[in-house]
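See below for structure.cif, which holds mmCIF, N, CA, C and O atoms.
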```
data_target
#
loop_
_atom_site.label_atom_id
_atom_site.label_comp_id
_atom_site.auth_asym_id
_atom_site.auth_seq_id
_atom_site.Cartn_x
_atom_site.Cartn_y
_atom_site.Cartn_z
N GLY Q 20 -24.19 7.19 -1.80
CA GLY Q 20 -23.58 7.13 -0.48
C GLY Q 20 -22.15 7.59 -0.49
O GLY Q 20 -21.48 7.57 -1.52
N GLU Q 21 -21.69 8.00 0.67
CA GLU Q 21 -20.32 8.45 0.79
C GLU Q 21 -19.36 7.29 0.63
O GLU Q 21 -19.69 6.15 0.95
N GLN Q 22 -18.17 7.59 0.16
CA GLN Q 22 -17.14 6.57 0.08
C GLN Q 22 -15.87 7.11 0.72
O GLN Q 22 -15.60 8.31 0.68
N PHE Q 23 -15.11 6.21 1.30
CA PHE Q 23 -13.89 6.59 2.01
C PHE Q 23 -12.72 5.80 1.45
O PHE Q 23 -12.85 4.64 1.11
N GLN Q 24 -11.58 6.46 1.38
CA GLN Q 24 -10.39 5.82 0.85
C GLN Q 24 -9.23 6.13 1.78
O GLN Q 24 -9.10 7.25 2.27
N ALA Q 25 -8.42 5.13 2.03
CA ALA Q 25 -7.20 5.35 2.80
C ALA Q 25 -6.07 5.57 1.81
O ALA Q 25 -5.96 4.88 0.80
N LYS Q 26 -5.24 6.60 2.07
CA LYS Q 26 -4.07 6.78 1.22
C LYS Q 26 -2.93 7.31 2.05
O LYS Q 26 -3.14 7.99 3.07
N PHE Q 27 -1.72 6.96 1.65
CA PHE Q 27 -0.52 7.41 2.35
C PHE Q 27 0.21 8.40 1.47
O PHE Q 27 0.55 8.09 0.33
N VAL Q 28 0.37 9.61 2.00
CA VAL Q 28 0.99 10.69 1.25
C VAL Q 28 2.32 11.05 1.92
O VAL Q 28 2.39 11.20 3.14
N TYR Q 29 3.36 11.17 1.11
CA TYR Q 29 4.67 11.55 1.63
C TYR Q 29 5.28 12.56 0.67
O TYR Q 29 5.31 12.32 -0.53
N ASN Q 30 5.75 13.68 1.21
CA ASN Q 30 6.29 14.75 0.36
C ASN Q 30 5.32 15.13 -0.76
O ASN Q 30 5.70 15.28 -1.92
N ALA Q 31 4.04 15.25 -0.40
CA ALA Q 31 2.97 15.66 -1.31
C ALA Q 31 2.73 14.66 -2.44
O ALA Q 31 2.03 14.94 -3.40
N GLU Q 32 3.30 13.48 -2.32
CA GLU Q 32 3.09 12.44 -3.34
C GLU Q 32 2.28 11.31 -2.72
O GLU Q 32 2.59 10.84 -1.62
N ILE Q 33 1.23 10.87 -3.42
CA ILE Q 33 0.46 9.73 -2.92
C ILE Q 33 1.26 8.46 -3.21
O ILE Q 33 1.52 8.13 -4.37
N MET Q 34 1.67 7.78 -2.15
CA MET Q 34 2.50 6.58 -2.31
C MET Q 34 1.63 5.34 -2.55
O MET Q 34 1.90 4.55 -3.44
N VAL Q 35 0.64 5.16 -1.70
CA VAL Q 35 -0.26 4.01 -1.84
C VAL Q 35 -1.68 4.44 -1.49
O VAL Q 35 -1.88 5.41 -0.77
N TRP Q 36 -2.66 3.70 -2.02
CA TRP Q 36 -4.05 4.03 -1.72
C TRP Q 36 -4.86 2.75 -1.68
O TRP Q 36 -4.47 1.73 -2.25
N SER Q 37 -6.01 2.83 -1.03
CA SER Q 37 -6.88 1.66 -0.87
C SER Q 37 -8.04 1.74 -1.86
O SER Q 37 -8.23 2.73 -2.55
N GLU Q 38 -8.80 0.67 -1.86
CA GLU Q 38 -10.08 0.70 -2.56
C GLU Q 38 -10.99 1.69 -1.84
O GLU Q 38 -10.65 2.20 -0.78
N ASN Q 39 -12.15 1.94 -2.40
CA ASN Q 39 -13.13 2.78 -1.71
C ASN Q 39 -13.92 1.93 -0.73
O ASN Q 39 -14.38 0.84 -1.05
N TYR Q 40 -14.05 2.47 0.48
CA TYR Q 40 -14.83 1.78 1.52
C TYR Q 40 -16.14 2.54 1.72
O TYR Q 40 -16.20 3.75 1.56
N LYS Q 41 -17.16 1.81 2.13
CA LYS Q 41 -18.45 2.44 2.38
C LYS Q 41 -18.50 3.15 3.73
O LYS Q 41 -19.30 4.04 3.95
N SER Q 42 -17.63 2.72 4.65
CA SER Q 42 -17.63 3.36 5.97
C SER Q 42 -16.26 3.91 6.30
O SER Q 42 -15.22 3.38 5.88
N LYS Q 43 -16.26 4.98 7.08
CA LYS Q 43 -15.00 5.59 7.49
C LYS Q 43 -14.23 4.64 8.40
O LYS Q 43 -13.00 4.59 8.36
N SER Q 44 -14.96 3.85 9.21
CA SER Q 44 -14.27 2.94 10.13
C SER Q 44 -13.48 1.88 9.36
O SER Q 44 -12.39 1.48 9.79
N SER Q 45 -13.99 1.45 8.22
CA SER Q 45 -13.24 0.47 7.41
C SER Q 45 -11.95 1.08 6.88
O SER Q 45 -10.90 0.43 6.88
N ALA Q 46 -12.02 2.33 6.42
CA ALA Q 46 -10.82 3.01 5.95
C ALA Q 46 -9.83 3.19 7.09
O ALA Q 46 -8.63 3.02 6.94
N GLN Q 47 -10.35 3.54 8.27
CA GLN Q 47 -9.49 3.71 9.45
C GLN Q 47 -8.84 2.39 9.84
O GLN Q 47 -7.66 2.35 10.20
N ASN Q 48 -9.59 1.30 9.77
CA ASN Q 48 -9.04 -0.02 10.07
C ASN Q 48 -7.89 -0.35 9.13
O ASN Q 48 -6.88 -0.94 9.53
N CYS Q 49 -8.05 0.00 7.86
CA CYS Q 49 -7.01 -0.23 6.86
C CYS Q 49 -5.75 0.53 7.26
O CYS Q 49 -4.65 -0.03 7.26
N ILE Q 50 -5.91 1.80 7.61
CA ILE Q 50 -4.77 2.62 8.03
C ILE Q 50 -4.09 2.03 9.26
O ILE Q 50 -2.86 1.89 9.32
N ASP Q 51 -4.91 1.70 10.27
CA ASP Q 51 -4.36 1.15 11.52
C ASP Q 51 -3.57 -0.12 11.26
O ASP Q 51 -2.50 -0.35 11.84
N SER Q 52 -4.11 -0.97 10.40
CA SER Q 52 -3.47 -2.24 10.10
C SER Q 52 -2.13 -2.04 9.41
O SER Q 52 -1.15 -2.74 9.70
N ILE Q 53 -2.07 -1.08 8.49
CA ILE Q 53 -0.81 -0.80 7.79
C ILE Q 53 0.22 -0.24 8.77
O ILE Q 53 1.38 -0.66 8.78
N LYS Q 54 -0.21 0.71 9.62
CA LYS Q 54 0.72 1.28 10.59
C LYS Q 54 1.32 0.19 11.49
O LYS Q 54 2.50 0.22 11.81
N LYS Q 55 0.47 -0.77 11.85
CA LYS Q 55 0.90 -1.82 12.78
C LYS Q 55 1.73 -2.90 12.08
O LYS Q 55 2.73 -3.37 12.62
N ASN Q 56 1.33 -3.30 10.88
CA ASN Q 56 1.92 -4.48 10.24
C ASN Q 56 2.95 -4.20 9.17
O ASN Q 56 3.75 -5.08 8.84
N ALA Q 57 2.95 -2.98 8.61
CA ALA Q 57 3.87 -2.70 7.51
C ALA Q 57 5.35 -2.74 7.90
O ALA Q 57 6.16 -3.27 7.15
N PRO Q 58 5.73 -2.16 9.06
CA PRO Q 58 7.17 -2.07 9.35
C PRO Q 58 7.90 -3.41 9.32
O PRO Q 58 9.05 -3.48 8.87
N ALA Q 59 7.26 -4.47 9.79
CA ALA Q 59 7.93 -5.77 9.85
C ALA Q 59 7.57 -6.67 8.68
O ALA Q 59 8.05 -7.80 8.58
N ALA Q 60 6.73 -6.16 7.77
CA ALA Q 60 6.25 -7.01 6.67
C ALA Q 60 7.37 -7.29 5.67
O ALA Q 60 8.11 -6.39 5.29
N PRO Q 61 7.49 -8.54 5.23
CA PRO Q 61 8.49 -8.87 4.22
C PRO Q 61 8.04 -8.39 2.84
O PRO Q 61 6.86 -8.12 2.62
N THR Q 62 9.00 -8.27 1.95
CA THR Q 62 8.71 -7.92 0.56
C THR Q 62 8.86 -9.18 -0.29
O THR Q 62 9.87 -9.86 -0.23
N VAL Q 63 7.83 -9.47 -1.07
CA VAL Q 63 7.79 -10.64 -1.92
C VAL Q 63 7.80 -10.16 -3.38
O VAL Q 63 6.96 -9.36 -3.76
N ASP Q 64 8.76 -10.65 -4.15
CA ASP Q 64 8.86 -10.26 -5.55
C ASP Q 64 8.17 -11.31 -6.42
O ASP Q 64 8.73 -12.37 -6.69
N LEU Q 65 6.94 -11.01 -6.82
CA LEU Q 65 6.16 -11.98 -7.59
C LEU Q 65 6.77 -12.24 -8.96
O LEU Q 65 6.61 -13.32 -9.52
N SER Q 66 7.50 -11.26 -9.48
CA SER Q 66 8.11 -11.46 -10.81
C SER Q 66 9.23 -12.49 -10.75
O SER Q 66 9.65 -13.01 -11.77
N LYS Q 67 9.72 -12.77 -9.54
CA LYS Q 67 10.75 -13.81 -9.37
C LYS Q 67 10.15 -15.12 -8.88
O LYS Q 67 10.85 -16.04 -8.50
N GLY Q 68 8.81 -15.17 -8.86
CA GLY Q 68 8.14 -16.39 -8.43
C GLY Q 68 8.12 -16.59 -6.93
O GLY Q 68 7.81 -17.68 -6.45
N GLU Q 69 8.45 -15.53 -6.18
CA GLU Q 69 8.41 -15.66 -4.73
C GLU Q 69 6.97 -15.68 -4.23
O GLU Q 69 6.08 -15.10 -4.86
N GLU Q 70 6.76 -16.35 -3.11
CA GLU Q 70 5.44 -16.39 -2.50
C GLU Q 70 5.55 -15.97 -1.05
O GLU Q 70 6.58 -16.18 -0.42
N GLY Q 71 4.49 -15.39 -0.54
CA GLY Q 71 4.53 -14.97 0.86
C GLY Q 71 3.27 -15.33 1.59
O GLY Q 71 2.23 -15.59 0.98
N LYS Q 72 3.38 -15.37 2.91
CA LYS Q 72 2.22 -15.58 3.77
C LYS Q 72 2.18 -14.44 4.76
O LYS Q 72 3.18 -13.78 5.00
N GLY Q 73 0.99 -14.25 5.34
CA GLY Q 73 0.86 -13.19 6.32
C GLY Q 73 0.89 -11.82 5.66
O GLY Q 73 0.81 -11.70 4.44
N TYR Q 74 0.98 -10.78 6.49
CA TYR Q 74 1.05 -9.43 5.94
C TYR Q 74 2.34 -9.30 5.15
O TYR Q 74 3.40 -9.71 5.59
N ARG Q 75 2.23 -8.72 3.95
CA ARG Q 75 3.41 -8.63 3.10
C ARG Q 75 3.25 -7.55 2.04
O ARG Q 75 2.13 -7.20 1.66
N PHE Q 76 4.38 -7.04 1.60
CA PHE Q 76 4.41 -6.18 0.43
C PHE Q 76 4.71 -7.07 -0.76
O PHE Q 76 5.56 -7.96 -0.67
N GLU Q 77 4.03 -6.84 -1.87
CA GLU Q 77 4.29 -7.59 -3.08
C GLU Q 77 4.74 -6.64 -4.18
O GLU Q 77 4.13 -5.59 -4.38
N LEU Q 78 5.82 -7.03 -4.87
CA LEU Q 78 6.25 -6.34 -6.07
C LEU Q 78 5.60 -7.06 -7.25
O LEU Q 78 5.84 -8.25 -7.45
N VAL Q 79 4.78 -6.33 -7.99
CA VAL Q 79 4.00 -6.95 -9.06
C VAL Q 79 4.39 -6.31 -10.38
O VAL Q 79 4.44 -5.08 -10.50
N GLU Q 80 4.67 -7.15 -11.38
CA GLU Q 80 5.02 -6.63 -12.69
C GLU Q 80 3.74 -6.43 -13.50
O GLU Q 80 2.91 -7.32 -13.58
N SER Q 81 3.59 -5.23 -14.05
CA SER Q 81 2.43 -4.95 -14.89
C SER Q 81 2.67 -5.49 -16.29
O SER Q 81 3.79 -5.87 -16.63
N LYS Q 82 1.63 -5.48 -17.09
CA LYS Q 82 1.73 -6.07 -18.44
C LYS Q 82 2.80 -5.41 -19.29
O LYS Q 82 3.40 -6.04 -20.15
N ASP Q 83 3.04 -4.11 -19.04
CA ASP Q 83 4.02 -3.39 -19.86
C ASP Q 83 5.43 -3.41 -19.25
O ASP Q 83 6.28 -2.61 -19.62
N GLY Q 84 5.64 -4.31 -18.30
CA GLY Q 84 6.99 -4.48 -17.75
C GLY Q 84 7.35 -3.51 -16.64
O GLY Q 84 8.49 -3.49 -16.18
N GLN Q 85 6.38 -2.71 -16.21
CA GLN Q 85 6.64 -1.82 -15.08
C GLN Q 85 6.28 -2.55 -13.79
O GLN Q 85 5.80 -3.69 -13.81
N THR Q 86 6.52 -1.90 -12.66
CA THR Q 86 6.32 -2.55 -11.36
C THR Q 86 5.44 -1.69 -10.47
O THR Q 86 5.62 -0.48 -10.40
N PHE Q 87 4.49 -2.34 -9.80
CA PHE Q 87 3.76 -1.63 -8.75
C PHE Q 87 3.80 -2.44 -7.47
O PHE Q 87 4.21 -3.60 -7.45
N VAL Q 88 3.45 -1.77 -6.39
CA VAL Q 88 3.51 -2.37 -5.06
C VAL Q 88 2.09 -2.57 -4.55
O VAL Q 88 1.23 -1.72 -4.77
N ARG Q 89 1.87 -3.68 -3.87
CA ARG Q 89 0.64 -3.78 -3.10
C ARG Q 89 0.97 -4.34 -1.72
O ARG Q 89 1.91 -5.14 -1.56
N PHE Q 90 0.20 -3.90 -0.74
CA PHE Q 90 0.33 -4.41 0.62
C PHE Q 90 -0.85 -5.33 0.84
O PHE Q 90 -2.00 -4.95 0.67
N VAL Q 91 -0.53 -6.58 1.18
CA VAL Q 91 -1.53 -7.63 1.24
C VAL Q 91 -1.70 -8.08 2.69
O VAL Q 91 -0.71 -8.25 3.42
N ALA Q 92 -2.95 -8.27 3.09
CA ALA Q 92 -3.25 -8.74 4.45
C ALA Q 92 -3.02 -10.24 4.56
O ALA Q 92 -2.85 -10.94 3.55
N ALA Q 93 -3.06 -10.73 5.78
CA ALA Q 93 -2.82 -12.16 6.03
C ALA Q 93 -3.83 -13.03 5.30
O ALA Q 93 -3.53 -14.16 4.93
N ASN Q 94 -5.04 -12.50 5.07
CA ASN Q 94 -6.07 -13.29 4.38
C ASN Q 94 -5.96 -13.20 2.85
O ASN Q 94 -6.80 -13.71 2.13
N GLY Q 95 -4.91 -12.55 2.37
CA GLY Q 95 -4.69 -12.47 0.94
C GLY Q 95 -5.34 -11.28 0.26
O GLY Q 95 -5.19 -11.07 -0.95
N GLU Q 96 -6.06 -10.47 1.03
CA GLU Q 96 -6.74 -9.31 0.47
C GLU Q 96 -5.76 -8.15 0.27
O GLU Q 96 -4.97 -7.85 1.16
N THR Q 97 -5.81 -7.52 -0.90
CA THR Q 97 -4.98 -6.35 -1.15
C THR Q 97 -5.55 -5.16 -0.39
O THR Q 97 -6.72 -4.82 -0.55
N MET Q 98 -4.73 -4.55 0.46
CA MET Q 98 -5.18 -3.42 1.27
C MET Q 98 -4.93 -2.09 0.57
O MET Q 98 -5.79 -1.22 0.54
N VAL Q 99 -3.73 -1.92 0.04
CA VAL Q 99 -3.40 -0.72 -0.71
C VAL Q 99 -2.48 -1.08 -1.86
O VAL Q 99 -1.82 -2.12 -1.83
N ARG Q 100 -2.42 -0.20 -2.85
CA ARG Q 100 -1.50 -0.40 -3.97
C ARG Q 100 -0.86 0.94 -4.33
O ARG Q 100 -1.34 2.00 -3.92
N SER Q 101 0.21 0.87 -5.08
CA SER Q 101 0.92 2.07 -5.50
C SER Q 101 0.67 2.36 -6.96
O SER Q 101 0.05 1.57 -7.68
N GLU Q 102 1.20 3.50 -7.40
CA GLU Q 102 1.24 3.76 -8.83
C GLU Q 102 2.19 2.76 -9.47
O GLU Q 102 2.85 1.98 -8.80
N THR Q 103 2.27 2.79 -10.79
CA THR Q 103 3.16 1.90 -11.52
C THR Q 103 4.47 2.64 -11.79
O THR Q 103 4.46 3.77 -12.27
N TYR Q 104 5.57 2.00 -11.44
CA TYR Q 104 6.90 2.61 -11.59
C TYR Q 104 7.64 1.97 -12.76
O TYR Q 104 7.56 0.76 -12.96
N THR Q 105 8.40 2.79 -13.47
CA THR Q 105 9.18 2.25 -14.58
C THR Q 105 10.33 1.40 -14.07
O THR Q 105 10.75 0.45 -14.72
N SER Q 106 10.87 1.73 -12.89
CA SER Q 106 11.97 0.93 -12.34
C SER Q 106 11.55 0.24 -11.06
O SER Q 106 10.79 0.79 -10.25
N LYS Q 107 12.04 -0.97 -10.89
CA LYS Q 107 11.74 -1.73 -9.68
C LYS Q 107 12.33 -1.03 -8.45
O LYS Q 107 11.75 -1.08 -7.36
N ALA Q 108 13.46 -0.36 -8.63
CA ALA Q 108 14.08 0.36 -7.51
C ALA Q 108 13.13 1.41 -6.93
O ALA Q 108 13.05 1.59 -5.71
N SER Q 109 12.39 2.09 -7.80
CA SER Q 109 11.44 3.10 -7.33
C SER Q 109 10.31 2.44 -6.54
O SER Q 109 9.84 2.99 -5.54
N ALA Q 110 9.88 1.27 -6.99
CA ALA Q 110 8.83 0.53 -6.28
C ALA Q 110 9.33 0.12 -4.89
O ALA Q 110 8.61 0.21 -3.91
N ILE Q 111 10.58 -0.32 -4.83
CA ILE Q 111 11.17 -0.70 -3.54
C ILE Q 111 11.29 0.51 -2.63
O ILE Q 111 11.03 0.43 -1.42
N ASN Q 112 11.64 1.67 -3.19
CA ASN Q 112 11.70 2.90 -2.40
C ASN Q 112 10.33 3.24 -1.82
O ASN Q 112 10.24 3.72 -0.68
N CYS Q 113 9.28 2.99 -2.59
CA CYS Q 113 7.92 3.22 -2.11
C CYS Q 113 7.65 2.35 -0.87
O CYS Q 113 7.13 2.83 0.13
N ILE Q 114 8.01 1.08 -0.95
CA ILE Q 114 7.83 0.17 0.18
C ILE Q 114 8.59 0.67 1.40
O ILE Q 114 8.05 0.74 2.51
N GLU Q 115 9.85 1.04 1.19
CA GLU Q 115 10.68 1.52 2.31
C GLU Q 115 10.05 2.75 2.96
O GLU Q 115 10.07 2.90 4.18
N SER Q 116 9.49 3.63 2.14
CA SER Q 116 8.87 4.84 2.67
C SER Q 116 7.65 4.52 3.52
O SER Q 116 7.47 5.10 4.60
N VAL Q 117 6.82 3.59 3.04
CA VAL Q 117 5.64 3.22 3.81
C VAL Q 117 6.05 2.57 5.14
O VAL Q 117 5.48 2.86 6.19
N LYS Q 118 7.06 1.69 5.08
CA LYS Q 118 7.50 0.99 6.29
C LYS Q 118 8.08 1.97 7.32
O LYS Q 118 7.84 1.85 8.51
N LYS Q 119 8.86 2.93 6.81
CA LYS Q 119 9.58 3.85 7.70
C LYS Q 119 8.69 4.99 8.18
O LYS Q 119 8.72 5.36 9.36
N ASN Q 120 7.91 5.56 7.27
CA ASN Q 120 7.17 6.78 7.58
C ASN Q 120 5.70 6.56 7.90
O ASN Q 120 5.06 7.43 8.48
N GLY Q 121 5.18 5.40 7.52
CA GLY Q 121 3.76 5.13 7.74
C GLY Q 121 3.32 5.14 9.19
O GLY Q 121 2.33 5.78 9.54
N PRO Q 122 4.04 4.43 10.07
CA PRO Q 122 3.57 4.31 11.45
C PRO Q 122 3.38 5.64 12.17
O PRO Q 122 2.46 5.78 12.98
N ALA Q 123 4.23 6.63 11.89
CA ALA Q 123 4.15 7.90 12.59
C ALA Q 123 3.36 8.96 11.81
O ALA Q 123 3.19 10.07 12.29
N ALA Q 124 2.90 8.60 10.61
CA ALA Q 124 2.22 9.58 9.79
C ALA Q 124 0.89 9.98 10.43
O ALA Q 124 0.15 9.13 10.91
N PRO Q 125 0.60 11.28 10.45
CA PRO Q 125 -0.70 11.71 10.98
C PRO Q 125 -1.82 11.29 10.05
O PRO Q 125 -1.61 11.17 8.84
N VAL Q 126 -2.98 11.07 10.62
CA VAL Q 126 -4.15 10.73 9.82
C VAL Q 126 -4.98 12.00 9.64
O VAL Q 126 -5.39 12.62 10.61
N GLU Q 127 -5.19 12.38 8.40
CA GLU Q 127 -5.99 13.56 8.11
C GLU Q 127 -7.29 13.13 7.47
O GLU Q 127 -7.32 12.26 6.61
N ASP Q 128 -8.34 13.77 7.91
CA ASP Q 128 -9.67 13.46 7.37
C ASP Q 128 -9.96 14.46 6.27
O ASP Q 128 -10.17 15.63 6.52
N GLU Q 129 -9.95 13.99 5.03
CA GLU Q 129 -10.24 14.84 3.89
C GLU Q 129 -11.65 14.58 3.42
O GLU Q 129 -11.96 13.52 2.94
N ALA Q 130 -12.50 15.57 3.56
CA ALA Q 130 -13.84 15.43 3.00
C ALA Q 130 -13.75 15.52 1.49
O ALA Q 130 -13.06 16.40 0.97
N THR Q 131 -14.38 14.58 0.80
CA THR Q 131 -14.27 14.61 -0.67
C THR Q 131 -15.41 15.40 -1.27
O THR Q 131 -16.50 15.43 -0.73
#
```
Here is a file; write its structure as structure tokens.
Amino acid sequence: GEQFQAKFVYNAEIMVWSENYKSKSSAQNCIDSIKKNAPAAPTVDLSKGEEGKGYRFELVESKDGQTFVRFVAANGETMVRSETYTSKASAINCIESVKKNGPAAPVEDEAT
């Protein structure tokens, strides 16, 4: 069966991407939710023991001390995640880009 993935691309770089969905509508719902909820979402730094509720960006430290970003829904489900960055500043830049550029980003349908 076909699979669909939501991803946010900025300056030809994939910033964040979702799991694979079985339906296009699920992927579209993911995109719509990020466009609507990302701009006001707080950033929670899990490496500092911070906790968040509701829609939020999380800074997550990987096992090798690098940092990646995930955008989490109010129900605790991870909607999208980023690549792993060597510096936390780069991860924060990724969040800022999604918050600032995500809502107005066009949605392109890429057949895989």
With DSSP run on the backbone, what are the strand (DSSP E) residues within region 68-109 of chain Q? I'd like them as a PDB file with N, CA, C and O atoms, in the frame of the given file.
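This went into part.pdb:
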```
ATOM      1  N   ARG Q  75       2.230  -8.720   3.950  1.00  0.00           N
ATOM      2  CA  ARG Q  75       3.410  -8.630   3.100  1.00  0.00           C
ATOM      3  C   ARG Q  75       3.250  -7.550   2.040  1.00  0.00           C
ATOM      4  O   ARG Q  75       2.130  -7.200   1.660  1.00  0.00           O
ATOM      5  N   PHE Q  76       4.380  -7.040   1.600  1.00  0.00           N
ATOM      6  CA  PHE Q  76       4.410  -6.180   0.430  1.00  0.00           C
ATOM      7  C   PHE Q  76       4.710  -7.070  -0.760  1.00  0.00           C
ATOM      8  O   PHE Q  76       5.560  -7.960  -0.670  1.00  0.00           O
ATOM      9  N   GLU Q  77       4.030  -6.840  -1.870  1.00  0.00           N
ATOM     10  CA  GLU Q  77       4.290  -7.590  -3.080  1.00  0.00           C
ATOM     11  C   GLU Q  77       4.740  -6.640  -4.180  1.00  0.00           C
ATOM     12  O   GLU Q  77       4.130  -5.590  -4.380  1.00  0.00           O
ATOM     13  N   LEU Q  78       5.820  -7.030  -4.870  1.00  0.00           N
ATOM     14  CA  LEU Q  78       6.250  -6.340  -6.070  1.00  0.00           C
ATOM     15  C   LEU Q  78       5.600  -7.060  -7.250  1.00  0.00           C
ATOM     16  O   LEU Q  78       5.840  -8.250  -7.450  1.00  0.00           O
ATOM     17  N   VAL Q  79       4.780  -6.330  -7.990  1.00  0.00           N
ATOM     18  CA  VAL Q  79       4.000  -6.950  -9.060  1.00  0.00           C
ATOM     19  C   VAL Q  79       4.390  -6.310 -10.380  1.00  0.00           C
ATOM     20  O   VAL Q  79       4.440  -5.080 -10.500  1.00  0.00           O
ATOM     21  N   GLU Q  80       4.670  -7.150 -11.380  1.00  0.00           N
ATOM     22  CA  GLU Q  80       5.020  -6.630 -12.690  1.00  0.00           C
ATOM     23  C   GLU Q  80       3.740  -6.430 -13.500  1.00  0.00           C
ATOM     24  O   GLU Q  80       2.910  -7.320 -13.580  1.00  0.00           O
ATOM     25  N   THR Q  86       6.520  -1.900 -12.660  1.00  0.00           N
ATOM     26  CA  THR Q  86       6.320  -2.550 -11.360  1.00  0.00           C
ATOM     27  C   THR Q  86       5.440  -1.690 -10.470  1.00  0.00           C
ATOM     28  O   THR Q  86       5.620  -0.480 -10.400  1.00  0.00           O
ATOM     29  N   PHE Q  87       4.490  -2.340  -9.800  1.00  0.00           N
ATOM     30  CA  PHE Q  87       3.760  -1.630  -8.750  1.00  0.00           C
ATOM     31  C   PHE Q  87       3.800  -2.440  -7.470  1.00  0.00           C
ATOM     32  O   PHE Q  87       4.210  -3.600  -7.450  1.00  0.00           O
ATOM     33  N   VAL Q  88       3.450  -1.770  -6.390  1.00  0.00           N
ATOM     34  CA  VAL Q  88       3.510  -2.370  -5.060  1.00  0.00           C
ATOM     35  C   VAL Q  88       2.090  -2.570  -4.550  1.00  0.00           C
ATOM     36  O   VAL Q  88       1.230  -1.720  -4.770  1.00  0.00           O
ATOM     37  N   ARG Q  89       1.870  -3.680  -3.870  1.00  0.00           N
ATOM     38  CA  ARG Q  89       0.640  -3.780  -3.100  1.00  0.00           C
ATOM     39  C   ARG Q  89       0.970  -4.340  -1.720  1.00  0.00           C
ATOM     40  O   ARG Q  89       1.910  -5.140  -1.560  1.00  0.00           O
ATOM     41  N   PHE Q  90       0.200  -3.900  -0.740  1.00  0.00           N
ATOM     42  CA  PHE Q  90       0.330  -4.410   0.620  1.00  0.00           C
ATOM     43  C   PHE Q  90      -0.850  -5.330   0.840  1.00  0.00           C
ATOM     44  O   PHE Q  90      -2.000  -4.950   0.670  1.00  0.00           O
ATOM     45  N   VAL Q  91      -0.530  -6.580   1.180  1.00  0.00           N
ATOM     46  CA  VAL Q  91      -1.530  -7.630   1.240  1.00  0.00           C
ATOM     47  C   VAL Q  91      -1.700  -8.080   2.690  1.00  0.00           C
ATOM     48  O   VAL Q  91      -0.710  -8.250   3.420  1.00  0.00           O
ATOM     49  N   THR Q  97      -5.810  -7.520  -0.900  1.00  0.00           N
ATOM     50  CA  THR Q  97      -4.980  -6.350  -1.150  1.00  0.00           C
ATOM     51  C   THR Q  97      -5.550  -5.160  -0.390  1.00  0.00           C
ATOM     52  O   THR Q  97      -6.720  -4.820  -0.550  1.00  0.00           O
ATOM     53  N   MET Q  98      -4.730  -4.550   0.460  1.00  0.00           N
ATOM     54  CA  MET Q  98      -5.180  -3.420   1.270  1.00  0.00           C
ATOM     55  C   MET Q  98      -4.930  -2.090   0.570  1.00  0.00           C
ATOM     56  O   MET Q  98      -5.790  -1.220   0.540  1.00  0.00           O
ATOM     57  N   VAL Q  99      -3.730  -1.920   0.040  1.00  0.00           N
ATOM     58  CA  VAL Q  99      -3.400  -0.720  -0.710  1.00  0.00           C
ATOM     59  C   VAL Q  99      -2.480  -1.080  -1.860  1.00  0.00           C
ATOM     60  O   VAL Q  99      -1.820  -2.120  -1.830  1.00  0.00           O
ATOM     61  N   ARG Q 100      -2.420  -0.200  -2.850  1.00  0.00           N
ATOM     62  CA  ARG Q 100      -1.500  -0.400  -3.970  1.00  0.00           C
ATOM     63  C   ARG Q 100      -0.860   0.940  -4.330  1.00  0.00           C
ATOM     64  O   ARG Q 100      -1.340   2.000  -3.920  1.00  0.00           O
ATOM     65  N   SER Q 101       0.210   0.870  -5.080  1.00  0.00           N
ATOM     66  CA  SER Q 101       0.920   2.070  -5.500  1.00  0.00           C
ATOM     67  C   SER Q 101       0.670   2.360  -6.960  1.00  0.00           C
ATOM     68  O   SER Q 101       0.050   1.570  -7.680  1.00  0.00           O
ATOM     69  N   GLU Q 102       1.200   3.500  -7.400  1.00  0.00           N
ATOM     70  CA  GLU Q 102       1.240   3.760  -8.830  1.00  0.00           C
ATOM     71  C   GLU Q 102       2.190   2.760  -9.470  1.00  0.00           C
ATOM     72  O   GLU Q 102       2.850   1.980  -8.800  1.00  0.00           O
ATOM     73  N   THR Q 103       2.270   2.790 -10.790  1.00  0.00           N
ATOM     74  CA  THR Q 103       3.160   1.900 -11.520  1.00  0.00           C
ATOM     75  C   THR Q 103       4.470   2.640 -11.790  1.00  0.00           C
ATOM     76  O   THR Q 103       4.460   3.770 -12.270  1.00  0.00           O
ATOM     77  N   TYR Q 104       5.570   2.000 -11.440  1.00  0.00           N
ATOM     78  CA  TYR Q 104       6.900   2.610 -11.590  1.00  0.00           C
ATOM     79  C   TYR Q 104       7.640   1.970 -12.760  1.00  0.00           C
ATOM     80  O   TYR Q 104       7.560   0.760 -12.960  1.00  0.00           O
TER      81      TYR Q 104
END
```
*For the file shown, what are the residues hit by the PyMOL selection byres ((chain Q and resi 61) around 6), laid out as a list in words?*
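So the PyMOL selection byres ((chain Q and resi 61) around 6), applied here, picks out Ala57, Ala59, Ala60, Thr62, Val63, Tyr74, Arg75, Phe76 and Glu77 of chain Q.
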_Using all atoms listed in the file: which of Q:Asn112, Q:Asn56, Q:Gln85, Q:Gln24 has the shortest distance to Glu38 (chain Q)_ =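 Checking each of Q:Asn112, Q:Asn56, Q:Gln85, Q:Gln24 against Glu38 (chain Q), counting all atoms listed in the file, the winner is Q:Gln24.
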*Which residues fall under the PyMOL selection byres ((chain Q and resi 91) around 5) in this file, as an NGL selection string?*
:Q and (73-76 or 89-90 or 92-93 or 96-98)
*What does the distance between atom C of Val126 (chain Q) and atom O of Asn94 (chain Q) come to in Å, to one decimal place?*
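One can read the atom C of Val126 (chain Q) to atom O of Asn94 (chain Q) distance as 26.8 Å.
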_DSSP helix (DSSP H, G or I) selection over region 22-124 of chain Q, as a ChimeraX atom specification_ = /Q:43-56,65-67,107-120
*Pick from Q:Val35, Q:Gly95, Q:Glu70, Q:Val79 nearest to Lys118 (chain Q), counting only C-alpha atoms*: Q:Val35
*Once the PyMOL selection byres ((chain Q and resi 42) around 7) has been applied to the shown file, what residues remain in the selection, as a list in words?*
Glu21, Gln22, Phe23, Gln24, Asn39, Tyr40, Lys41, Lys43, Ser44, Ser45, Ala46 and Gln47 of chain Q
